[in-house]
$ cat structure_5.txt   # compact mmCIF, C-alpha atoms and all ligand atoms
# COMPACT_ATOMS: atom_id res chain seq x y z
CA MET A 26 0.00 0.00 0.00
CA LYS A 27 1.20 3.49 -0.76
CA ARG A 28 1.09 6.19 1.88
CA LEU A 29 -0.65 9.26 0.51
CA GLN A 30 0.77 12.10 2.61
CA HIS A 31 4.11 13.58 1.58
CA ARG A 32 6.19 15.11 4.42
CA ASN A 33 6.07 18.51 2.70
CA LYS A 34 2.37 19.38 2.40
CA LEU A 35 3.04 21.68 -0.57
CA MET A 36 4.73 18.88 -2.52
CA PRO A 37 2.31 16.90 -4.71
CA LYS A 38 2.81 13.19 -5.10
CA PRO A 39 2.14 11.24 -8.32
CA VAL A 40 -0.63 8.72 -7.77
CA ARG A 41 -1.81 6.06 -10.26
CA VAL A 42 -5.35 6.13 -11.57
CA LEU A 43 -6.91 2.68 -11.21
CA ASP A 44 -10.20 3.45 -12.87
CA LYS A 45 -12.30 6.30 -14.25
CA TRP A 46 -15.97 6.21 -15.18
CA PHE A 47 -18.95 8.47 -15.82
CA GLU A 48 -22.37 7.73 -14.28
CA VAL A 49 -23.88 10.95 -15.62
CA GLU A 50 -22.79 13.61 -18.08
CA ASN A 51 -20.24 16.19 -16.85
CA ASN A 52 -19.51 14.24 -13.66
CA PHE A 53 -17.02 11.43 -13.29
CA PHE A 54 -15.44 9.12 -10.73
CA LEU A 55 -11.69 8.63 -10.30
CA GLU A 56 -10.36 5.71 -8.29
CA LEU A 57 -6.78 6.23 -7.11
CA GLU A 58 -4.18 3.77 -5.83
CA VAL A 59 -3.62 4.88 -2.23
CA ASN A 60 -4.50 3.70 1.23
CA SER A 61 -7.33 6.05 2.20
CA CYS A 62 -7.46 4.54 5.71
CA TYR A 63 -5.05 7.35 6.55
CA SER A 64 -7.87 9.82 5.93
CA VAL A 65 -10.81 10.81 8.09
CA PRO A 66 -14.23 10.95 6.34
CA GLY A 67 -14.90 14.60 5.42
CA GLN A 68 -11.29 15.38 4.52
CA PHE A 69 -10.26 16.39 1.00
CA ILE A 70 -7.25 16.25 -1.27
CA GLN A 71 -5.79 18.69 -3.77
CA VAL A 72 -5.69 16.77 -7.05
CA GLY A 73 -4.28 18.03 -10.32
CA LEU A 74 -2.04 17.70 -13.31
CA ALA A 75 1.37 19.17 -14.09
CA GLY A 76 1.04 22.36 -16.13
CA VAL A 77 -2.70 22.57 -15.46
CA GLY A 78 -3.22 23.19 -11.75
CA GLU A 79 -5.03 21.52 -8.88
CA ALA A 80 -8.50 21.50 -7.30
CA PRO A 81 -9.74 20.59 -3.81
CA ILE A 82 -11.91 17.47 -4.05
CA SER A 83 -13.58 15.54 -1.21
CA ILE A 84 -12.47 12.01 -0.48
CA ALA A 85 -15.53 9.87 -1.28
CA SER A 86 -14.43 6.53 0.17
CA HIS A 87 -12.87 4.97 3.23
CA GLY A 88 -11.03 1.89 2.12
CA ASP A 89 -8.00 0.54 0.32
CA THR A 90 -8.38 2.83 -2.68
CA LEU A 91 -9.35 6.47 -2.85
CA LEU A 92 -12.51 7.48 -4.69
CA LEU A 93 -13.26 10.96 -6.02
CA ASN A 94 -16.44 12.24 -7.62
CA ILE A 95 -15.85 15.32 -9.75
CA ASN A 96 -18.16 17.77 -11.52
CA ILE A 97 -16.63 19.20 -14.68
CA VAL A 98 -16.88 22.97 -14.16
CA GLY A 99 -13.60 24.49 -15.40
CA ARG A 100 -10.07 23.89 -16.62
CA VAL A 101 -8.67 21.57 -13.92
CA THR A 102 -11.74 19.36 -13.64
CA ARG A 103 -12.07 19.16 -17.45
CA MET A 104 -8.43 18.07 -17.88
CA LEU A 105 -8.81 15.54 -15.02
CA SER A 106 -11.83 14.06 -16.83
CA LYS A 107 -9.53 13.10 -19.73
CA VAL A 108 -7.13 11.06 -17.57
CA LYS A 109 -7.07 7.31 -18.34
CA PRO A 110 -6.47 4.31 -16.07
CA ASN A 111 -2.77 3.70 -15.36
CA GLU A 112 -1.92 7.37 -15.92
CA TYR A 113 -0.84 9.52 -12.95
CA VAL A 114 -2.41 12.53 -11.23
CA LEU A 115 -0.74 14.78 -8.65
CA VAL A 116 -2.13 14.62 -5.14
CA ARG A 117 -1.62 16.61 -1.91
CA GLY A 118 -3.31 15.50 1.27
CA PRO A 119 -5.44 14.29 2.95
CA LEU A 120 -6.14 17.84 4.10
CA GLY A 121 -8.42 19.51 6.62
CA LYS A 122 -10.56 18.19 9.44
CA GLY A 123 -13.29 15.63 8.83
CA TYR A 124 -16.31 14.45 10.81
CA PRO A 125 -15.43 13.49 14.42
CA LEU A 126 -16.85 9.98 14.00
CA GLN A 127 -14.73 8.47 16.76
CA SER A 128 -16.25 10.78 19.37
CA LEU A 129 -19.77 10.30 18.00
CA LYS A 130 -19.94 6.56 18.67
CA GLY A 131 -23.31 5.45 20.04
CA ASN A 132 -25.29 8.19 18.28
CA ASN A 133 -28.04 7.97 15.70
CA LEU A 134 -26.89 9.64 12.48
CA VAL A 135 -28.76 11.56 9.82
CA LEU A 136 -26.85 12.35 6.61
CA ILE A 137 -28.22 14.99 4.24
CA GLY A 138 -26.54 15.49 0.86
CA GLY A 139 -27.30 17.24 -2.40
CA GLY A 140 -25.74 16.32 -5.78
CA CYS A 141 -21.95 16.29 -5.65
CA GLY A 142 -22.30 17.06 -1.92
CA VAL A 143 -22.95 13.37 -1.38
CA ALA A 144 -19.20 12.79 -1.91
CA PRO A 145 -17.87 13.44 1.63
CA LEU A 146 -20.92 11.65 3.06
CA ALA A 147 -19.98 8.64 0.91
CA ALA A 148 -16.74 8.42 2.90
CA VAL A 149 -18.77 8.65 6.13
CA LEU A 150 -21.03 5.82 4.93
CA ASP A 151 -18.07 3.61 3.98
CA TYR A 152 -16.72 4.15 7.50
CA VAL A 153 -20.10 3.58 9.17
CA CYS A 154 -20.75 0.37 7.19
CA LYS A 155 -17.35 -0.98 8.26
CA ASN A 156 -18.02 -0.01 11.90
CA ARG A 157 -21.80 -0.51 11.93
CA GLN A 158 -21.87 -1.63 15.59
CA ASP A 159 -20.55 1.83 16.66
CA PHE A 160 -23.72 3.67 15.62
CA GLU A 161 -27.46 3.35 16.25
CA SER A 162 -29.89 4.13 13.40
CA VAL A 163 -28.41 5.77 10.29
CA LYS A 164 -30.78 7.62 7.95
CA CYS A 165 -29.66 9.21 4.68
CA PHE A 166 -31.51 11.83 2.66
CA PHE A 167 -29.88 12.45 -0.71
CA GLY A 168 -31.24 14.80 -3.35
CA PHE A 169 -30.59 14.90 -7.11
CA LYS A 170 -32.13 16.88 -9.97
CA SER A 171 -33.88 13.89 -11.61
CA PRO A 172 -33.60 10.06 -11.58
CA ASP A 173 -31.10 10.07 -14.48
CA GLN A 174 -28.80 12.34 -12.39
CA VAL A 175 -28.43 9.97 -9.44
CA ILE A 176 -24.77 9.13 -8.76
CA PHE A 177 -23.01 6.65 -6.43
CA LYS A 178 -25.42 3.92 -7.66
CA LYS A 179 -23.19 0.92 -6.88
CA GLN A 180 -22.44 2.29 -3.41
CA ILE A 181 -26.11 3.09 -2.67
CA LYS A 182 -27.02 -0.56 -3.28
CA HIS A 183 -24.35 -1.66 -0.82
CA TRP A 184 -25.06 1.00 1.85
CA ALA A 185 -28.80 0.22 1.72
CA GLU A 186 -28.07 -3.23 3.16
CA LEU A 187 -26.93 -1.56 6.41
CA VAL A 188 -28.51 1.89 6.63
CA SER A 189 -31.72 3.64 5.53
CA ILE A 190 -31.44 5.41 2.17
CA ASN A 191 -34.01 7.94 0.93
CA ILE A 192 -33.39 9.56 -2.43
CA SER A 193 -35.41 12.53 -3.62
CA VAL A 194 -35.44 14.06 -7.07
CA ASP A 195 -36.43 17.64 -7.84
CA LYS A 196 -38.49 16.47 -10.85
CA ASP A 197 -39.44 13.57 -13.13
CA LEU A 198 -39.82 10.92 -10.43
CA LYS A 199 -41.79 8.78 -12.93
CA LEU A 200 -38.73 8.55 -15.18
CA LYS A 201 -37.22 6.01 -12.78
CA GLN A 202 -39.39 3.21 -14.25
CA GLU A 203 -37.91 3.71 -17.72
CA LEU A 204 -34.24 4.03 -16.77
CA LYS A 205 -32.16 0.91 -17.26
CA GLN A 206 -28.98 2.42 -15.78
CA LEU A 207 -30.42 2.73 -12.25
CA GLN A 208 -28.99 -0.70 -11.38
CA ASP A 209 -31.83 -1.75 -9.12
CA ILE A 210 -31.79 1.30 -6.84
CA GLU A 211 -35.09 2.75 -8.09
CA ARG A 212 -36.83 1.54 -4.91
CA PHE A 213 -34.82 4.09 -2.90
CA ILE A 214 -35.88 6.98 -5.14
CA ASN A 215 -39.16 7.72 -3.43
CA PHE A 216 -39.80 11.46 -3.24
CA GLU A 217 -40.36 14.23 -5.79
CA GLY A 218 -39.31 17.60 -4.41
CA PHE A 219 -36.29 19.09 -2.70
CA VAL A 220 -34.33 16.91 -0.32
CA THR A 221 -35.11 19.38 2.45
CA GLN A 222 -38.85 18.76 1.91
CA ALA A 223 -38.25 15.00 2.20
CA LEU A 224 -36.39 15.71 5.42
CA GLU A 225 -39.24 17.89 6.70
CA GLN A 226 -41.78 15.11 6.13
CA SER A 227 -39.66 12.45 7.81
CA PHE A 228 -40.04 11.34 11.39
CA LEU A 229 -36.90 12.44 13.26
CA THR A 230 -36.49 13.30 16.92
CA ASN A 231 -33.56 15.21 18.32
CA ASN A 232 -32.75 12.46 20.78
CA ASN A 233 -29.15 11.12 20.78
CA ILE A 234 -28.63 12.10 17.16
CA VAL A 235 -26.22 14.13 15.03
CA ALA A 236 -26.74 15.44 11.50
CA PHE A 237 -24.11 15.81 8.74
CA ILE A 238 -24.98 18.12 5.85
CA CYS A 239 -23.17 18.75 2.56
CA GLY A 240 -24.54 20.40 -0.56
CA PRO A 241 -25.15 23.78 -2.19
CA PRO A 242 -25.28 26.67 0.36
CA ILE A 243 -29.04 27.24 -0.11
CA MET A 244 -29.79 23.57 0.50
CA MET A 245 -27.61 23.53 3.64
CA LYS A 246 -29.41 26.63 4.97
CA HIS A 247 -32.84 25.01 4.47
CA ALA A 248 -31.68 21.72 5.96
CA VAL A 249 -30.52 23.56 9.08
CA LYS A 250 -33.92 25.31 9.35
CA VAL A 251 -35.76 21.97 9.10
CA LEU A 252 -33.51 20.32 11.72
CA LYS A 253 -33.95 23.29 14.07
CA SER A 254 -37.75 22.98 13.67
CA LYS A 255 -37.38 19.35 14.79
CA GLY A 256 -35.57 20.47 17.94
CA PHE A 257 -31.94 19.88 16.95
CA LYS A 258 -29.39 21.97 18.85
CA ASP A 259 -26.53 23.68 16.96
CA GLU A 260 -24.10 21.26 18.62
CA GLN A 261 -25.89 18.35 16.88
CA ILE A 262 -25.35 19.69 13.35
CA PHE A 263 -22.13 19.41 11.30
CA LEU A 264 -21.68 21.08 7.92
CA SER A 265 -19.13 20.57 5.17
CA MET A 266 -18.25 24.02 3.84
CA GLU A 267 -16.83 24.95 0.42
CA ARG A 268 -14.68 27.97 -0.24
CA LEU A 269 -12.25 28.89 -3.01
CA MET A 270 -8.94 27.30 -2.08
CA TYR A 271 -5.36 27.51 -3.27
CA CYS A 272 -2.74 26.30 -0.79
CA GLY A 273 -5.05 24.03 1.26
CA ILE A 274 -2.76 24.34 4.29
CA GLY A 275 -3.45 27.70 5.94
CA TYR A 276 -0.96 29.95 4.06
CA CYS A 277 -2.86 31.87 1.36
CA CYS A 278 -6.02 33.05 3.27
CA HIS A 279 -8.30 32.49 0.26
CA CYS A 280 -10.61 30.11 2.10
CA MET A 281 -11.25 32.16 5.23
CA ILE A 282 -14.63 32.40 6.98
CA ASN A 283 -13.91 35.37 9.24
CA ASP A 284 -11.04 34.09 11.42
CA LEU A 285 -11.41 30.42 10.40
CA TYR A 286 -9.51 28.66 7.64
CA THR A 287 -11.82 26.30 5.77
CA CYS A 288 -8.79 24.27 4.67
CA ILE A 289 -7.35 23.54 8.12
CA ASP A 290 -10.08 24.33 10.68
CA GLY A 291 -12.67 22.69 8.34
CA PRO A 292 -14.06 21.90 5.84
CA VAL A 293 -16.31 20.23 8.44
CA PHE A 294 -17.58 22.66 11.08
CA ARG A 295 -20.10 22.28 13.88
CA LEU A 296 -22.94 24.76 13.48
CA ASP A 297 -22.31 26.56 16.79
CA VAL A 298 -18.78 27.41 15.56
CA LEU A 299 -20.20 29.03 12.40
CA ARG A 300 -22.95 30.99 14.22
CA SER A 301 -20.60 33.74 15.40
CA ARG A 302 -19.01 34.10 11.93
CA PRO A 303 -21.20 36.27 9.62
CA GLU A 304 -19.20 35.19 6.53
CA SER A 305 -20.43 31.62 7.02
CA GLY A 306 -24.02 32.54 6.11
CA PHE A 307 -25.21 30.82 9.30
CA GLU A 308 -25.00 33.73 11.76
C1 LIG B 1 -13.19 21.28 0.51
C2 LIG B 1 -13.74 21.21 -0.88
C3 LIG B 1 -14.19 19.99 -1.37
C4 LIG B 1 -14.70 19.90 -2.67
N1 LIG B 1 -15.13 18.68 -3.10
C5 LIG B 1 -15.57 18.56 -4.37
C6 LIG B 1 -15.97 17.28 -4.86
O1 LIG B 1 -15.94 16.27 -4.16
N2 LIG B 1 -16.38 17.21 -6.16
C7 LIG B 1 -16.43 18.32 -6.96
O2 LIG B 1 -16.82 18.19 -8.12
N3 LIG B 1 -16.07 19.55 -6.52
C8 LIG B 1 -15.63 19.69 -5.25
N4 LIG B 1 -15.22 20.93 -4.81
C9 LIG B 1 -15.28 22.08 -5.73
C10 LIG B 1 -14.07 22.02 -6.66
O3 LIG B 1 -12.89 22.23 -5.91
C11 LIG B 1 -14.15 23.07 -7.77
O4 LIG B 1 -15.27 22.80 -8.58
C12 LIG B 1 -12.89 23.05 -8.61
O5 LIG B 1 -11.82 23.60 -7.89
C13 LIG B 1 -13.06 23.81 -9.91
O6 LIG B 1 -11.82 23.84 -10.56
P1 LIG B 1 -11.73 24.10 -12.14
O7 LIG B 1 -10.36 24.54 -12.46
O8 LIG B 1 -12.25 22.91 -12.90
O9 LIG B 1 -12.76 25.26 -12.38
P2 LIG B 1 -12.53 26.86 -12.19
O10 LIG B 1 -12.32 27.41 -13.55
O11 LIG B 1 -11.54 27.13 -11.11
O12 LIG B 1 -13.96 27.23 -11.62
C14 LIG B 1 -15.16 27.01 -12.36
C15 LIG B 1 -16.31 27.61 -11.57
O13 LIG B 1 -16.46 26.95 -10.30
C16 LIG B 1 -16.33 27.90 -9.24
N5 LIG B 1 -15.58 27.27 -8.13
C17 LIG B 1 -14.31 26.87 -8.14
N6 LIG B 1 -13.96 26.40 -6.93
C18 LIG B 1 -15.03 26.50 -6.13
C19 LIG B 1 -15.31 26.21 -4.77
N7 LIG B 1 -14.40 25.73 -3.94
N8 LIG B 1 -16.55 26.47 -4.30
C20 LIG B 1 -17.50 26.98 -5.09
N9 LIG B 1 -17.30 27.29 -6.39
C21 LIG B 1 -16.09 27.06 -6.90
C22 LIG B 1 -15.55 29.05 -9.83
O14 LIG B 1 -15.84 30.27 -9.14
C23 LIG B 1 -16.09 29.09 -11.25
O15 LIG B 1 -17.34 29.72 -11.31
C24 LIG B 1 -14.74 21.05 -3.49
C25 LIG B 1 -14.28 22.27 -3.00
C26 LIG B 1 -13.79 22.36 -1.72
C27 LIG B 1 -13.29 23.67 -1.19
S1 LIG B 2 -6.64 27.54 0.99
FE1 LIG B 2 -4.92 28.74 1.50
S2 LIG B 2 -5.33 29.29 3.56
FE2 LIG B 2 -6.92 27.88 3.08
$ encode --input "structure_5.txt" --output "structure tokens" --more "lines below"
Ligand SMILES: Cc1cc2nc3c(=O)[nH]c(=O)nc-3n(C[C@H](O)[C@H](O)[C@H](O)COP(=O)(O)OP(=O)(O)OC[C@H]3O[C@@H](n4cnc5c(N)ncnc54)[C@H](O)[C@@H]3O)c2cc1C
Ligand code: FES
Amino acid sequence: MKRLQHRNKLMPKPVRVLDKWFEVENNFFLELEVNSCYSVPGQFIQVGLAGVGEAPISIASHGDTLLLNINIVGRVTRMLSKVKPNEYVLVRGPLGKGYPLQSLKGNNLVLIGGGCGVAPLAAVLDYVCKNRQDFESVKCFFGFKSPDQVIFKKQIKHWAELVSINISVDKDLKLKQELKQLQDIERFINFEGFVTQALEQSFLTNNNIVAFICGPPIMMKHAVKVLKSKGFKDEQIFLSMERLMYCGIGYCCHCMINDLYTCIDGPVFRLDVLRSRPESGFE
């Protein structure tokens, strides 16, 4: 097994691509040859190519290889989408602080993710499924635009054997009957509307439970509102925050939320920590 972290955190390390595949247009998976057991779910890496640049991407697995799920939005992600198996990408990390799963043993968990925001929660679920006895009930609410946009299909089938999976789609719920590529996960796609509405209609009490949220800022804001209406305290809610990043190690200040560095103090923050920081959007 290769160790991922280089001693100098600014020095990228070449890492072999084991596999690359698309489940939907403009979004692809990269599987890298590293031992991701050195990472904590919720952490990210800087991944890139020589002469192109690098991008912060969440680690989406917790196992013997490292999985990434990447939306093609600009130059770095587009060039990464052209990489083939057995070629090399440049990696720095794991970086940042993840979800404090060790100290949350014995809790019920609720995981709320939207689109590409499911990625860090995928690492949480890999961890939880490997350590299932450490947690009580685990409920997931994942939202996608429509049934043909659902990603992490293979993983969803596996996770659903051990935890509760609820997938909502913003529109076209009926389309799920016609889609061959859903690989038998259509039974988990059971709600038409925003994921936060599915959450609102679900039965959840605030007893012995913590929530992890990752997705677009507007979705995270609504999810927090719904959880608060169900009696959750700020200390029971963890959010994975995204900011523009360059160094990823607390030097360049690009990722700051008031006095906090998203790259080293986060990207996972407990809600009470964000409350006193107006730049977080959760004040
Ligand atoms: C901690 C962290 C984890 C992330 N995890 C993932 C992931 O798992 N999968 C994934 O697809 N993306 C993830 N992102 C976002 C990803 O880093 C950006 O999409 C990527 O850097 C874009 O690089 P680019 O060169 O392709 O596009 P650029 O040309 O740099 O940007 C294209 C567009 O995306 C916007 N953008 C770039 N970076 C960010 C950002 N950090 N937040 C919001 N908007 C941004 C730019 O403003 C621009 O509008 C994560 C970001 C952070 C900070
Ligand atoms: S990305 Fe440079 S300080 Fe956080």
$ residues_near_point --input "structure_5.txt" --point "(-0.8, 24.7, 0.4)" --cutoff "10 Å" --atoms "all atoms listed in the file" --output "list in words"
Asn33, Lys34, Leu35, Met36, Pro37, Gln71, Arg117, Gly118, Leu120, Met270, Tyr271, Cys272, Gly273, Ile274, Gly275, Tyr276, Cys277 and Cys288 of chain A
$ atom_distance --input "structure_5.txt" --atom1 "atom C10 of ligand LIG 1 (chain B)" --atom2 "CA of Asp259 in chain A"
26.8 Å
$ residues_near_ligand --input "structure_5.txt" --ligand "ligand LIG 1 (chain B)" --cutoff "8 Å" --atoms "only C-alpha atoms and all ligand atoms" --output "PDB file with C-alpha atoms, in the frame of the given file"
ATOM      1  CA  ASN A  52     -19.510  14.240 -13.660  1.00  0.00           C
ATOM      2  CA  GLN A  68     -11.290  15.380   4.520  1.00  0.00           C
ATOM      3  CA  PHE A  69     -10.260  16.390   1.000  1.00  0.00           C
ATOM      4  CA  ILE A  70      -7.250  16.250  -1.270  1.00  0.00           C
ATOM      5  CA  GLY A  78      -3.220  23.190 -11.750  1.00  0.00           C
ATOM      6  CA  GLU A  79      -5.030  21.520  -8.880  1.00  0.00           C
ATOM      7  CA  ALA A  80      -8.500  21.500  -7.300  1.00  0.00           C
ATOM      8  CA  PRO A  81      -9.740  20.590  -3.810  1.00  0.00           C
ATOM      9  CA  ILE A  82     -11.910  17.470  -4.050  1.00  0.00           C
ATOM     10  CA  SER A  83     -13.580  15.540  -1.210  1.00  0.00           C
ATOM     11  CA  ILE A  84     -12.470  12.010  -0.480  1.00  0.00           C
ATOM     12  CA  ALA A  85     -15.530   9.870  -1.280  1.00  0.00           C
ATOM     13  CA  LEU A  93     -13.260  10.960  -6.020  1.00  0.00           C
ATOM     14  CA  ASN A  94     -16.440  12.240  -7.620  1.00  0.00           C
ATOM     15  CA  ILE A  95     -15.850  15.320  -9.750  1.00  0.00           C
ATOM     16  CA  ASN A  96     -18.160  17.770 -11.520  1.00  0.00           C
ATOM     17  CA  ILE A  97     -16.630  19.200 -14.680  1.00  0.00           C
ATOM     18  CA  VAL A  98     -16.880  22.970 -14.160  1.00  0.00           C
ATOM     19  CA  GLY A  99     -13.600  24.490 -15.400  1.00  0.00           C
ATOM     20  CA  ARG A 100     -10.070  23.890 -16.620  1.00  0.00           C
ATOM     21  CA  VAL A 101      -8.670  21.570 -13.920  1.00  0.00           C
ATOM     22  CA  THR A 102     -11.740  19.360 -13.640  1.00  0.00           C
ATOM     23  CA  ARG A 103     -12.070  19.160 -17.450  1.00  0.00           C
ATOM     24  CA  MET A 104      -8.430  18.070 -17.880  1.00  0.00           C
ATOM     25  CA  GLY A 121      -8.420  19.510   6.620  1.00  0.00           C
ATOM     26  CA  CYS A 141     -21.950  16.290  -5.650  1.00  0.00           C
ATOM     27  CA  GLY A 142     -22.300  17.060  -1.920  1.00  0.00           C
ATOM     28  CA  ALA A 144     -19.200  12.790  -1.910  1.00  0.00           C
ATOM     29  CA  PRO A 145     -17.870  13.440   1.630  1.00  0.00           C
ATOM     30  CA  SER A 265     -19.130  20.570   5.170  1.00  0.00           C
ATOM     31  CA  MET A 266     -18.250  24.020   3.840  1.00  0.00           C
ATOM     32  CA  GLU A 267     -16.830  24.950   0.420  1.00  0.00           C
ATOM     33  CA  ARG A 268     -14.680  27.970  -0.240  1.00  0.00           C
ATOM     34  CA  LEU A 269     -12.250  28.890  -3.010  1.00  0.00           C
ATOM     35  CA  MET A 270      -8.940  27.300  -2.080  1.00  0.00           C
ATOM     36  CA  CYS A 280     -10.610  30.110   2.100  1.00  0.00           C
ATOM     37  CA  THR A 287     -11.820  26.300   5.770  1.00  0.00           C
ATOM     38  CA  CYS A 288      -8.790  24.270   4.670  1.00  0.00           C
ATOM     39  CA  GLY A 291     -12.670  22.690   8.340  1.00  0.00           C
ATOM     40  CA  PRO A 292     -14.060  21.900   5.840  1.00  0.00           C
TER      41      PRO A 292
END
$ atom_distance --input "structure_5.txt" --atom1 "CA of Asn132 in chain A" --atom2 "CA of Glu161 in chain A"
5.7 Å
$ residues_around --input "structure_5.txt" --residues "Val40 in chain A" --least-positions-apart "5" --cutoff "10 Å" --atoms "all atoms listed in the file" --output "ChimeraX atom specification"
/A:27,29,57-59,72,111-117
$ write_last_selection --input "structure_5.txt" --atoms "C-alpha atoms" --output "PDB file, in the coordinates of the input"
ATOM      1  CA  LYS A  27       1.200   3.490  -0.760  1.00  0.00           C
ATOM      2  CA  LEU A  29      -0.650   9.260   0.510  1.00  0.00           C
ATOM      3  CA  LEU A  57      -6.780   6.230  -7.110  1.00  0.00           C
ATOM      4  CA  GLU A  58      -4.180   3.770  -5.830  1.00  0.00           C
ATOM      5  CA  VAL A  59      -3.620   4.880  -2.230  1.00  0.00           C
ATOM      6  CA  VAL A  72      -5.690  16.770  -7.050  1.00  0.00           C
ATOM      7  CA  ASN A 111      -2.770   3.700 -15.360  1.00  0.00           C
ATOM      8  CA  GLU A 112      -1.920   7.370 -15.920  1.00  0.00           C
ATOM      9  CA  TYR A 113      -0.840   9.520 -12.950  1.00  0.00           C
ATOM     10  CA  VAL A 114      -2.410  12.530 -11.230  1.00  0.00           C
ATOM     11  CA  LEU A 115      -0.740  14.780  -8.650  1.00  0.00           C
ATOM     12  CA  VAL A 116      -2.130  14.620  -5.140  1.00  0.00           C
ATOM     13  CA  ARG A 117      -1.620  16.610  -1.910  1.00  0.00           C
TER      14      ARG A 117
END
$ build_atoms --input "structure_5.txt" --residues "range 90-107 of chain A" --atoms "N, CA and C atoms" --output "compact mmCIF listing (two decimals), keeping the file's coordinate frame"
# COMPACT_ATOMS: atom_id res chain seq x y z
N THR A 90 -8.65 1.91 -1.58
CA THR A 90 -8.38 2.83 -2.68
C THR A 90 -9.09 4.14 -2.37
N LEU A 91 -8.77 5.16 -3.14
CA LEU A 91 -9.35 6.47 -2.85
C LEU A 91 -10.27 6.90 -4.00
N LEU A 92 -11.52 7.14 -3.67
CA LEU A 92 -12.51 7.48 -4.69
C LEU A 92 -12.79 8.98 -4.68
N LEU A 93 -12.88 9.55 -5.88
CA LEU A 93 -13.26 10.96 -6.02
C LEU A 93 -14.45 11.04 -6.96
N ASN A 94 -15.35 11.97 -6.70
CA ASN A 94 -16.44 12.24 -7.62
C ASN A 94 -16.35 13.70 -8.02
N ILE A 95 -16.21 13.96 -9.33
CA ILE A 95 -15.85 15.32 -9.75
C ILE A 95 -16.82 15.86 -10.80
N ASN A 96 -17.36 17.04 -10.53
CA ASN A 96 -18.16 17.77 -11.52
C ASN A 96 -17.22 18.52 -12.44
N ILE A 97 -17.48 18.46 -13.74
CA ILE A 97 -16.63 19.20 -14.68
C ILE A 97 -17.16 20.63 -14.75
N VAL A 98 -16.41 21.57 -14.17
CA VAL A 98 -16.88 22.97 -14.16
C VAL A 98 -15.89 23.93 -14.80
N GLY A 99 -14.61 23.57 -14.88
CA GLY A 99 -13.60 24.49 -15.40
C GLY A 99 -12.38 23.73 -15.88
N ARG A 100 -11.26 24.44 -15.96
CA ARG A 100 -10.07 23.89 -16.62
C ARG A 100 -9.52 22.64 -15.93
N VAL A 101 -9.31 22.70 -14.61
CA VAL A 101 -8.67 21.57 -13.92
C VAL A 101 -9.57 20.33 -13.98
N THR A 102 -10.83 20.52 -13.67
CA THR A 102 -11.74 19.36 -13.64
C THR A 102 -11.95 18.79 -15.05
N ARG A 103 -11.92 19.65 -16.07
CA ARG A 103 -12.07 19.16 -17.45
C ARG A 103 -10.85 18.33 -17.85
N MET A 104 -9.65 18.82 -17.52
CA MET A 104 -8.43 18.07 -17.88
C MET A 104 -8.36 16.77 -17.08
N LEU A 105 -8.81 16.79 -15.82
CA LEU A 105 -8.81 15.54 -15.02
C LEU A 105 -9.77 14.51 -15.63
N SER A 106 -10.84 15.00 -16.25
CA SER A 106 -11.83 14.06 -16.83
C SER A 106 -11.26 13.31 -18.03
N LYS A 107 -10.13 13.77 -18.56
CA LYS A 107 -9.53 13.10 -19.73
C LYS A 107 -8.49 12.07 -19.33
